[in-house]
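work.cif follows (mmCIF, C-alpha atoms):
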data_model
#
loop_
_atom_site.label_atom_id
_atom_site.label_comp_id
_atom_site.auth_asym_id
_atom_site.auth_seq_id
_atom_site.Cartn_x
_atom_site.Cartn_y
_atom_site.Cartn_z
CA MET A 1 29.59 9.97 -44.45
CA LYS A 2 29.24 6.21 -44.25
CA LYS A 3 31.29 4.19 -46.70
CA THR A 4 29.16 2.66 -49.44
CA ILE A 5 29.27 -0.94 -50.59
CA LEU A 6 27.66 -2.60 -53.61
CA VAL A 7 26.92 -6.31 -53.38
CA SER A 8 26.17 -8.15 -56.64
CA GLY A 9 23.85 -11.12 -56.01
CA ALA A 10 21.07 -11.71 -53.46
CA SER A 11 21.65 -15.33 -52.56
CA PHE A 12 23.46 -16.68 -49.46
CA ALA A 13 26.81 -15.01 -50.18
CA GLY A 14 25.20 -11.67 -50.98
CA LEU A 15 22.71 -11.64 -48.12
CA SER A 16 25.38 -12.72 -45.61
CA THR A 17 27.85 -10.14 -46.86
CA ALA A 18 25.15 -7.45 -46.72
CA TYR A 19 24.32 -8.45 -43.13
CA TRP A 20 27.89 -8.19 -41.84
CA MET A 21 28.80 -5.01 -43.71
CA LYS A 22 25.63 -3.28 -42.53
CA LYS A 23 26.36 -4.38 -38.99
CA MET A 24 29.82 -2.80 -39.23
CA GLY A 25 28.24 0.51 -40.21
CA TYR A 26 28.52 0.53 -43.99
CA LYS A 27 25.76 1.72 -46.30
CA VAL A 28 24.92 -1.38 -48.37
CA THR A 29 23.17 -1.79 -51.72
CA VAL A 30 22.42 -5.23 -53.19
CA VAL A 31 21.78 -5.61 -56.93
CA GLU A 32 20.17 -8.85 -58.19
CA ILE A 33 19.62 -9.68 -61.85
CA SER A 34 16.41 -11.62 -61.09
CA LYS A 35 13.15 -9.82 -60.34
CA GLY A 36 13.14 -11.34 -56.84
CA LEU A 37 15.01 -13.86 -54.74
CA LYS A 38 16.07 -16.85 -56.84
CA LYS A 39 14.02 -19.74 -55.53
CA GLY A 40 14.57 -23.48 -55.94
CA GLY A 41 17.42 -25.81 -55.08
CA THR A 42 18.27 -28.62 -52.73
CA PRO A 43 18.32 -28.21 -48.91
CA VAL A 44 21.28 -26.49 -47.29
CA ASN A 45 23.50 -28.24 -44.76
CA ILE A 46 24.49 -26.05 -41.82
CA GLY A 47 27.57 -27.75 -40.37
CA LYS A 48 29.80 -27.05 -37.40
CA ASN A 49 31.62 -23.93 -38.63
CA THR A 50 28.46 -22.43 -40.08
CA VAL A 51 26.37 -23.10 -36.95
CA ASP A 52 28.57 -20.70 -34.99
CA ILE A 53 28.18 -18.07 -37.71
CA VAL A 54 24.38 -18.24 -38.00
CA LYS A 55 24.26 -18.12 -34.20
CA ARG A 56 26.24 -14.86 -34.30
CA MET A 57 23.76 -13.62 -36.92
CA GLY A 58 20.82 -14.41 -34.63
CA LEU A 59 19.36 -16.94 -37.09
CA LEU A 60 20.03 -20.25 -35.33
CA ASP A 61 16.66 -20.59 -33.57
CA GLN A 62 14.79 -20.11 -36.86
CA ILE A 63 17.02 -22.68 -38.55
CA LYS A 64 16.42 -25.13 -35.72
CA SER A 65 12.66 -24.72 -35.98
CA ASN A 66 12.81 -25.49 -39.73
CA ASN A 67 15.27 -28.39 -39.46
CA ILE A 68 14.85 -31.37 -41.80
CA ASN A 69 15.90 -34.80 -40.55
CA MET A 70 16.81 -36.96 -43.54
CA GLY A 71 16.83 -40.38 -41.95
CA LEU A 72 17.64 -43.02 -44.57
CA MET A 73 19.73 -43.37 -47.73
CA GLU A 74 19.03 -46.33 -50.04
CA PHE A 75 21.11 -47.53 -52.98
CA LYS A 76 18.84 -49.10 -55.59
CA ASN A 77 19.36 -51.46 -58.53
CA ALA A 78 17.35 -51.59 -61.77
CA ASP A 79 14.75 -53.90 -60.17
CA ASP A 80 14.14 -51.34 -57.40
CA VAL A 81 15.83 -53.63 -54.89
CA THR A 82 17.71 -51.85 -52.12
CA GLU A 83 21.28 -53.14 -52.25
CA ARG A 84 22.51 -51.11 -49.30
CA MET A 85 21.02 -48.75 -46.70
CA GLU A 86 22.67 -46.08 -44.64
CA LEU A 87 20.91 -44.79 -41.56
CA ARG A 88 21.69 -41.16 -40.95
CA GLU A 89 22.17 -40.08 -37.38
CA GLU A 90 19.74 -37.57 -35.94
CA HIS A 91 21.16 -34.09 -36.39
CA SER A 92 23.04 -33.00 -33.29
CA GLU A 93 23.35 -29.45 -32.07
CA ASP A 94 26.25 -28.86 -34.45
CA GLU A 95 24.49 -29.82 -37.68
CA TYR A 96 21.21 -28.88 -39.33
CA GLU A 97 19.55 -29.13 -42.72
CA ILE A 98 17.02 -26.62 -44.00
CA GLU A 99 15.11 -25.98 -47.22
CA ARG A 100 17.01 -23.57 -49.42
CA ASP A 101 14.05 -21.24 -49.97
CA VAL A 102 13.22 -21.15 -46.26
CA LEU A 103 16.79 -20.16 -45.34
CA LEU A 104 16.89 -17.59 -48.14
CA ASN A 105 13.72 -15.96 -46.79
CA ILE A 106 15.06 -15.98 -43.22
CA MET A 107 18.25 -14.23 -44.31
CA PHE A 108 16.40 -11.72 -46.50
CA GLU A 109 14.09 -10.79 -43.61
CA ALA A 110 17.17 -10.16 -41.45
CA VAL A 111 18.51 -7.45 -43.78
CA LYS A 112 15.67 -6.11 -45.96
CA ASP A 113 14.82 -3.13 -43.72
CA ASP A 114 18.43 -1.92 -43.45
CA VAL A 115 19.79 -2.62 -46.94
CA GLU A 116 18.82 -1.17 -50.33
CA PHE A 117 17.80 -3.87 -52.84
CA ILE A 118 17.73 -3.34 -56.60
CA PHE A 119 16.03 -6.29 -58.30
CA GLY A 120 15.89 -6.90 -62.04
CA ASP A 121 19.16 -5.11 -62.78
CA SER A 122 22.85 -5.97 -63.11
CA ILE A 123 26.31 -4.45 -63.38
CA VAL A 124 27.66 -3.87 -66.90
CA LEU A 125 30.79 -1.83 -66.17
CA LEU A 126 33.21 -1.33 -63.28
CA LYS A 127 35.78 1.46 -63.37
CA GLU A 128 38.05 1.83 -60.37
CA GLU A 129 39.16 5.33 -59.42
CA SER A 130 41.57 6.46 -56.71
CA ASN A 131 38.79 6.97 -54.16
CA GLY A 132 36.12 4.46 -55.25
CA ILE A 133 34.52 2.49 -58.07
CA ASP A 134 32.22 3.89 -60.73
CA VAL A 135 29.49 1.38 -61.59
CA ALA A 136 27.26 1.35 -64.66
CA PHE A 137 24.05 -0.69 -64.49
CA LYS A 138 22.12 -2.39 -67.29
CA SER A 139 19.15 -0.11 -66.51
CA GLY A 140 21.24 2.90 -67.49
CA GLN A 141 21.89 4.37 -64.06
CA ASN A 142 25.41 5.11 -62.82
CA ARG A 143 26.62 5.20 -59.23
CA SER A 144 29.87 5.24 -57.28
CA TYR A 145 30.81 3.02 -54.32
CA ASP A 146 33.76 2.60 -52.02
CA LEU A 147 33.85 -1.20 -52.47
CA VAL A 148 32.16 -3.82 -54.66
CA PHE A 149 31.58 -7.43 -53.62
CA GLY A 150 30.88 -10.09 -56.24
CA CYS A 151 28.51 -12.59 -54.65
CA ASP A 152 26.89 -13.56 -57.95
CA GLY A 153 27.66 -17.26 -58.38
CA ILE A 154 29.80 -19.31 -60.73
CA HIS A 155 28.82 -17.19 -63.73
CA SER A 156 29.75 -14.00 -61.84
CA ILE A 157 29.61 -10.78 -63.84
CA VAL A 158 31.82 -9.04 -61.26
CA ARG A 159 34.52 -11.69 -61.71
CA LYS A 160 34.28 -11.39 -65.50
CA LEU A 161 34.53 -7.58 -65.49
CA CYS A 162 37.29 -7.33 -62.91
CA PHE A 163 39.33 -10.56 -62.95
CA GLY A 164 38.83 -12.18 -66.37
CA GLU A 165 36.78 -14.76 -68.26
CA GLU A 166 35.17 -17.67 -66.38
CA ALA A 167 37.22 -20.24 -68.32
CA GLU A 168 40.43 -18.88 -66.76
CA PHE A 169 39.36 -20.02 -63.30
CA SER A 170 36.81 -22.80 -63.86
CA HIS A 171 38.02 -26.33 -63.12
CA PHE A 172 35.63 -28.78 -64.83
CA LEU A 173 34.89 -31.97 -62.85
CA LYS A 174 33.75 -33.87 -65.97
CA THR A 175 30.16 -34.07 -64.75
CA TYR A 176 26.88 -32.27 -65.46
CA PHE A 177 23.81 -32.21 -63.24
CA SER A 178 20.23 -31.01 -63.10
CA ILE A 179 17.85 -30.36 -60.21
CA THR A 180 14.07 -30.56 -60.49
CA ILE A 181 11.78 -30.05 -57.50
CA VAL A 182 8.39 -31.79 -57.55
CA ASN A 183 5.65 -30.78 -55.11
CA SER A 184 4.78 -34.35 -54.15
CA LEU A 185 6.42 -37.33 -52.46
CA LEU A 186 7.80 -39.78 -55.04
CA ILE A 187 9.40 -41.87 -52.28
CA ARG A 188 9.02 -42.12 -48.50
CA GLU A 189 9.49 -38.78 -46.74
CA ASN A 190 12.89 -37.95 -45.20
CA THR A 191 14.52 -40.55 -47.45
CA THR A 192 17.20 -40.38 -50.15
CA GLN A 193 17.43 -42.95 -52.95
CA MET A 194 20.32 -43.35 -55.39
CA TYR A 195 20.35 -45.28 -58.67
CA ASN A 196 23.31 -45.54 -61.03
CA GLU A 197 24.25 -46.85 -64.43
CA PRO A 198 27.85 -46.34 -65.65
CA GLY A 199 28.47 -42.62 -65.91
CA LYS A 200 24.89 -41.76 -64.86
CA ALA A 201 23.33 -41.05 -61.47
CA ILE A 202 19.77 -40.43 -60.28
CA MET A 203 19.16 -39.21 -56.75
CA LEU A 204 15.80 -38.57 -55.11
CA ASN A 205 15.46 -36.57 -51.89
CA ALA A 206 12.02 -36.49 -50.26
CA TYR A 207 11.12 -34.03 -47.49
CA ASN A 208 8.28 -31.66 -46.52
CA ASN A 209 5.89 -33.17 -49.11
CA LYS A 210 8.24 -32.54 -52.03
CA THR A 211 10.92 -34.46 -53.90
CA ASP A 212 14.20 -33.28 -55.43
CA ILE A 213 15.12 -35.13 -58.63
CA VAL A 214 18.87 -34.81 -59.16
CA LEU A 215 20.29 -36.20 -62.42
CA CYS A 216 24.06 -36.38 -63.05
CA PHE A 217 26.08 -37.66 -66.00
CA SER A 218 29.78 -37.89 -66.81
CA SER A 219 31.32 -36.10 -69.77
CA ASP A 220 35.05 -35.97 -70.49
CA LYS A 221 34.58 -32.85 -72.60
CA GLU A 222 32.59 -29.73 -71.87
CA ILE A 223 29.29 -29.39 -73.70
CA PRO A 224 28.58 -26.01 -75.30
CA TYR A 225 25.24 -24.61 -74.16
CA ASP A 226 23.58 -21.35 -73.20
CA TYR A 227 23.29 -21.28 -69.40
CA ARG A 228 20.20 -19.07 -69.71
CA ASN A 229 18.42 -21.38 -72.22
CA GLU A 230 16.36 -23.72 -70.05
CA GLU A 231 14.74 -25.59 -72.94
CA GLN A 232 18.15 -26.46 -74.38
CA GLN A 233 19.31 -27.69 -70.98
CA ARG A 234 16.22 -29.88 -70.45
CA ASN A 235 16.81 -31.47 -73.85
CA ILE A 236 20.40 -32.30 -72.90
CA ILE A 237 19.15 -34.11 -69.77
CA LEU A 238 16.28 -35.88 -71.58
CA ASP A 239 18.69 -37.09 -74.26
CA GLN A 240 21.35 -38.25 -71.79
CA PHE A 241 18.92 -40.26 -69.64
CA SER A 242 16.72 -41.72 -72.39
CA GLY A 243 16.61 -45.50 -72.20
CA LEU A 244 17.87 -45.88 -68.63
CA GLY A 245 16.25 -48.37 -66.26
CA TRP A 246 14.69 -48.19 -62.80
CA ARG A 247 12.12 -45.35 -62.57
CA THR A 248 13.87 -43.18 -65.15
CA PRO A 249 11.02 -42.83 -67.72
CA GLU A 250 8.61 -41.68 -64.98
CA LEU A 251 11.17 -39.24 -63.57
CA LEU A 252 11.96 -37.78 -66.99
CA GLU A 253 8.27 -37.01 -67.41
CA GLU A 254 8.41 -35.09 -64.14
CA VAL A 255 11.47 -33.18 -65.39
CA LYS A 256 9.80 -32.44 -68.72
CA ASN A 257 6.66 -30.99 -67.08
CA SER A 258 8.19 -29.28 -64.06
CA LYS A 259 8.25 -25.54 -63.43
CA THR A 260 11.52 -25.67 -61.51
CA PHE A 261 14.63 -26.79 -63.36
CA TYR A 262 18.33 -26.03 -62.88
CA PHE A 263 21.21 -27.35 -64.97
CA ASP A 264 24.95 -26.74 -64.93
CA LYS A 265 28.33 -28.40 -64.94
CA LEU A 266 30.06 -29.58 -61.80
CA CYS A 267 33.04 -27.26 -61.56
CA GLN A 268 35.23 -25.48 -59.08
CA MET A 269 36.53 -21.94 -59.11
CA LYS A 270 40.24 -21.83 -58.39
CA MET A 271 41.62 -18.32 -58.19
CA PRO A 272 45.04 -17.09 -56.99
CA SER A 273 43.27 -14.18 -55.29
CA TRP A 274 39.63 -13.42 -54.47
CA THR A 275 40.34 -9.69 -54.32
CA LYS A 276 41.56 -7.04 -56.73
CA GLY A 277 41.75 -3.35 -55.93
CA ARG A 278 38.44 -2.42 -54.29
CA VAL A 279 36.66 -5.62 -55.37
CA ALA A 280 36.27 -8.92 -53.49
CA LEU A 281 34.51 -12.16 -54.43
CA VAL A 282 32.50 -14.23 -51.96
CA GLY A 283 30.91 -17.67 -52.35
CA ASP A 284 30.71 -19.55 -55.66
CA ALA A 285 31.97 -16.53 -57.59
CA GLY A 286 35.38 -16.93 -55.96
CA PHE A 287 35.68 -20.42 -54.55
CA CYS A 288 32.90 -22.70 -55.76
CA ALA A 289 33.61 -26.23 -54.52
CA SER A 290 30.80 -27.70 -56.69
CA PRO A 291 27.54 -29.27 -55.48
CA ALA A 292 29.54 -32.47 -54.95
CA ALA A 293 30.79 -30.89 -51.74
CA GLY A 294 27.25 -30.52 -50.41
CA MET A 295 28.33 -27.20 -48.90
CA GLY A 296 27.47 -24.48 -51.42
CA GLY A 297 25.17 -22.48 -49.16
CA SER A 298 27.24 -22.93 -46.03
CA LEU A 299 30.52 -22.05 -47.79
CA ALA A 300 28.93 -18.79 -48.93
CA ILE A 301 27.89 -17.99 -45.36
CA ASP A 302 31.34 -18.99 -44.08
CA GLY A 303 33.09 -16.84 -46.68
CA ALA A 304 31.05 -13.74 -45.88
CA ALA A 305 31.86 -14.15 -42.19
CA ALA A 306 35.57 -14.66 -42.96
CA LEU A 307 35.59 -11.42 -44.95
CA ALA A 308 33.76 -9.58 -42.16
CA ASP A 309 36.14 -10.95 -39.51
CA ALA A 310 39.07 -9.73 -41.62
CA PHE A 311 37.54 -6.23 -41.70
CA GLN A 312 37.14 -6.28 -37.92
CA LYS A 313 40.70 -7.49 -37.40
CA CYS A 314 42.09 -4.82 -39.73
CA HIS A 315 39.91 -2.02 -38.29
CA GLY A 316 38.16 -1.41 -41.60
CA ASN A 317 41.31 -1.04 -43.71
CA PHE A 318 40.04 -2.83 -46.80
CA GLU A 319 43.47 -3.48 -48.34
CA LEU A 320 44.72 -5.24 -45.21
CA ALA A 321 41.35 -6.96 -44.76
CA PHE A 322 41.45 -8.36 -48.29
CA GLU A 323 44.96 -9.74 -47.66
CA GLU A 324 43.78 -11.35 -44.42
CA TYR A 325 40.68 -12.82 -46.13
CA ASN A 326 42.79 -14.43 -48.88
CA LYS A 327 45.27 -15.78 -46.37
CA SER A 328 43.06 -17.04 -43.54
CA PHE A 329 40.17 -18.60 -45.47
CA ARG A 330 42.12 -20.28 -48.29
CA PRO A 331 43.32 -23.43 -46.43
CA PHE A 332 39.74 -24.34 -45.55
CA ILE A 333 38.55 -23.84 -49.14
CA GLU A 334 41.38 -25.93 -50.57
CA GLU A 335 40.51 -28.75 -48.18
CA VAL A 336 36.82 -28.67 -49.12
CA GLN A 337 37.57 -28.54 -52.85
CA ALA A 338 39.92 -31.54 -52.63
CA ALA A 339 37.28 -33.60 -50.78
CA ALA A 340 34.61 -32.61 -53.33
CA GLU A 341 36.72 -33.84 -56.25
CA MET A 342 37.05 -37.23 -54.57
CA SER A 343 33.31 -37.49 -53.95
CA VAL A 344 32.41 -37.27 -57.66
CA ASP A 345 33.45 -40.90 -58.20
CA PHE A 346 31.18 -41.91 -55.33
CA LEU A 347 28.21 -40.03 -56.80
CA VAL A 348 28.75 -41.04 -60.45
CA PRO A 349 30.78 -44.26 -60.74
CA ARG A 350 32.04 -44.82 -64.29
CA THR A 351 31.78 -48.64 -64.42
CA GLU A 352 29.27 -51.32 -63.44
CA GLU A 353 31.92 -52.88 -61.20
CA ALA A 354 32.38 -49.60 -59.33
CA ILE A 355 28.61 -49.28 -58.86
CA ARG A 356 28.25 -52.79 -57.48
CA LYS A 357 31.22 -52.29 -55.17
CA ARG A 358 29.85 -49.04 -53.76
CA ASN A 359 26.29 -50.36 -53.41
CA SER A 360 27.35 -53.52 -51.61
CA ARG A 361 30.25 -52.40 -49.48
CA GLY A 362 30.22 -48.62 -49.31
CA PRO A 363 32.45 -45.88 -50.71
CA PHE A 364 35.60 -46.79 -48.78
CA ALA A 365 35.59 -50.58 -49.34
#
Please go through the file and, once you have read it, give me the structure as structure tokens.
Amino acid sequence: MKKTILVSGASFAGLSTAYWMKKMGYKVTVVEISKGLKKGGTPVNIGKNTVDIVKRMGLLDQIKSNNINMGLMEFKNADDVTERMELREEHSEDEYEIERDVLLNIMFEAVKDDVEFIFGDSIVLLKEESNGIDVAFKSGQNRSYDLVFGCDGIHSIVRKLCFGEEAEFSHFLKTYFSITIVNSLLIRENTTQMYNEPGKAIMLNAYNNKTDIVLCFSSDKEIPYDYRNEEQQRNIILDQFSGLGWRTPELLEEVKNSKTFYFDKLCQMKMPSWTKGRVALVGDAGFCASPAAGMGGSLAIDGAAALADAFQKCHGNFELAFEEYNKSFRPFIEEVQAAAEMSVDFLVPRTEEAIRKRNSRGPFA
């Protein structure tokens, strides 16, 4: 009989992991708490390492045909004057950018006929036995699997059940952010605009007749909130950005009336091991670098490939493969996380002096 694998989460980490495990001959089930694929979010950067992986997955041509070329970044002041512009180079053959929902659909199409999907359900209990893991689901059903992979984001239920509480591993970057996607162009297409006041940042990304409104603010202490209570999260953002200049009042109206809204803290997951027994974590669940890295989707794809490569190298011995995965992929993650921490000050300068310096001379002046 084929070995069975349960993947928790149907985003980039989960879909990538499902793809590779199915390709290696495993029987794969994916469970997703939402009733369908979770839509919404900023475009995904597919950089050098990830290009090779999506090429191996047979997805590169589709990514190329949906490539977004963001051409210009403008740093604005309160009078809407552009203080500095950065021209972005045309994407070369080793870098692409694609809408998150488009890439999610491409990856789902690549696995949906060969993988079992259970939407609208979640894991509530994991019990490891000598020859597998017994899994209890919220719906009441119980099943057993050979391995379980937690690909379920920074609030991972698999990590909580198997490794410990989120607070044990979460490294807060003293910043909160929200993403709202508006189905109209608020600025010129293929353009990014950034406006800052001390401890506050507003970024607009316009592409494909839509605009991402990204709002960030600094906070030395963590704010208690329910990460499933969207109304509470909107009120936090509306309160934090009330009274700011530039186009803020207009943008807050868009946030208030939008159907798409995402809010969370900027944090990183730092774990001594991404594996325990028959369980492994992939993507944000194990090694979130934070959106400040600009690599969330690609890191998930990279991590799934690293895990799959470890299985190939170790001829399917999961214990050896897990050791290899922890060892070989960790240096890259540590490098990305360190760079992401440094970039927070560029995104959300804390003083007016720091804003003026960045806007006039660039981040490394």
Can you give me, as a ChimeraX atom specification, the residues this file yields under the PyMOL selection byres ((chain A and resi 8) around 12)? /A:5-7,9-18,28-34,116-124,126,135,137,147-153,155-159,279-283,285
Applied to this file, what does the PyMOL selection byres ((chain A and resi 188) around 12) return in terms of residues, put as a PyMOL selection string? chain A and resi 70-74+184-187+189-193+204-211
Residues from the last selection, C-alpha atoms, saved as a compact mmCIF listing (two decimals), in the coordinates of the input:
# COMPACT_ATOMS: atom_id res chain seq x y z
CA MET A 70 16.81 -36.96 -43.54
CA GLY A 71 16.83 -40.38 -41.95
CA LEU A 72 17.64 -43.02 -44.57
CA MET A 73 19.73 -43.37 -47.73
CA GLU A 74 19.03 -46.33 -50.04
CA SER A 184 4.78 -34.35 -54.15
CA LEU A 185 6.42 -37.33 -52.46
CA LEU A 186 7.80 -39.78 -55.04
CA ILE A 187 9.40 -41.87 -52.28
CA GLU A 189 9.49 -38.78 -46.74
CA ASN A 190 12.89 -37.95 -45.20
CA THR A 191 14.52 -40.55 -47.45
CA THR A 192 17.20 -40.38 -50.15
CA GLN A 193 17.43 -42.95 -52.95
CA LEU A 204 15.80 -38.57 -55.11
CA ASN A 205 15.46 -36.57 -51.89
CA ALA A 206 12.02 -36.49 -50.26
CA TYR A 207 11.12 -34.03 -47.49
CA ASN A 208 8.28 -31.66 -46.52
CA ASN A 209 5.89 -33.17 -49.11
CA LYS A 210 8.24 -32.54 -52.03
CA THR A 211 10.92 -34.46 -53.90
Evaluate the PyMOL selection byres ((chain A and resi 259) around 9) and report residues as a compact mmCIF listing (two decimals) with C-alpha atoms, in the coordinates of the input:
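Saved to out.txt:
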# COMPACT_ATOMS: atom_id res chain seq x y z
CA THR A 180 14.07 -30.56 -60.49
CA ILE A 181 11.78 -30.05 -57.50
CA VAL A 182 8.39 -31.79 -57.55
CA VAL A 255 11.47 -33.18 -65.39
CA LYS A 256 9.80 -32.44 -68.72
CA ASN A 257 6.66 -30.99 -67.08
CA SER A 258 8.19 -29.28 -64.06
CA THR A 260 11.52 -25.67 -61.51
CA PHE A 261 14.63 -26.79 -63.36
Determine, counting only C-alpha atoms, which protein, DNA and RNA residues have an atom within 9 Å of an atom of Asp94 in chain A; residues of the same chain fewer than 6 positions away are not included. Present the result as JSON, numbers by chain. {"A": [46, 47, 48, 49, 50, 51, 52]}
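Between Ala338 in chain A and the candidates A:Gln268, A:Thr4, A:Asn196, A:Thr275, the tightest atom-to-atom separation, counting only C-alpha atoms, involves A:Gln268.
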Taking (18.8, -38.8, -61.9) in the file's coordinates as the center, which residues reach within 6 Å of it, counting all atoms listed in the file, put as number ranges by chain? A: 201-203, 214-216
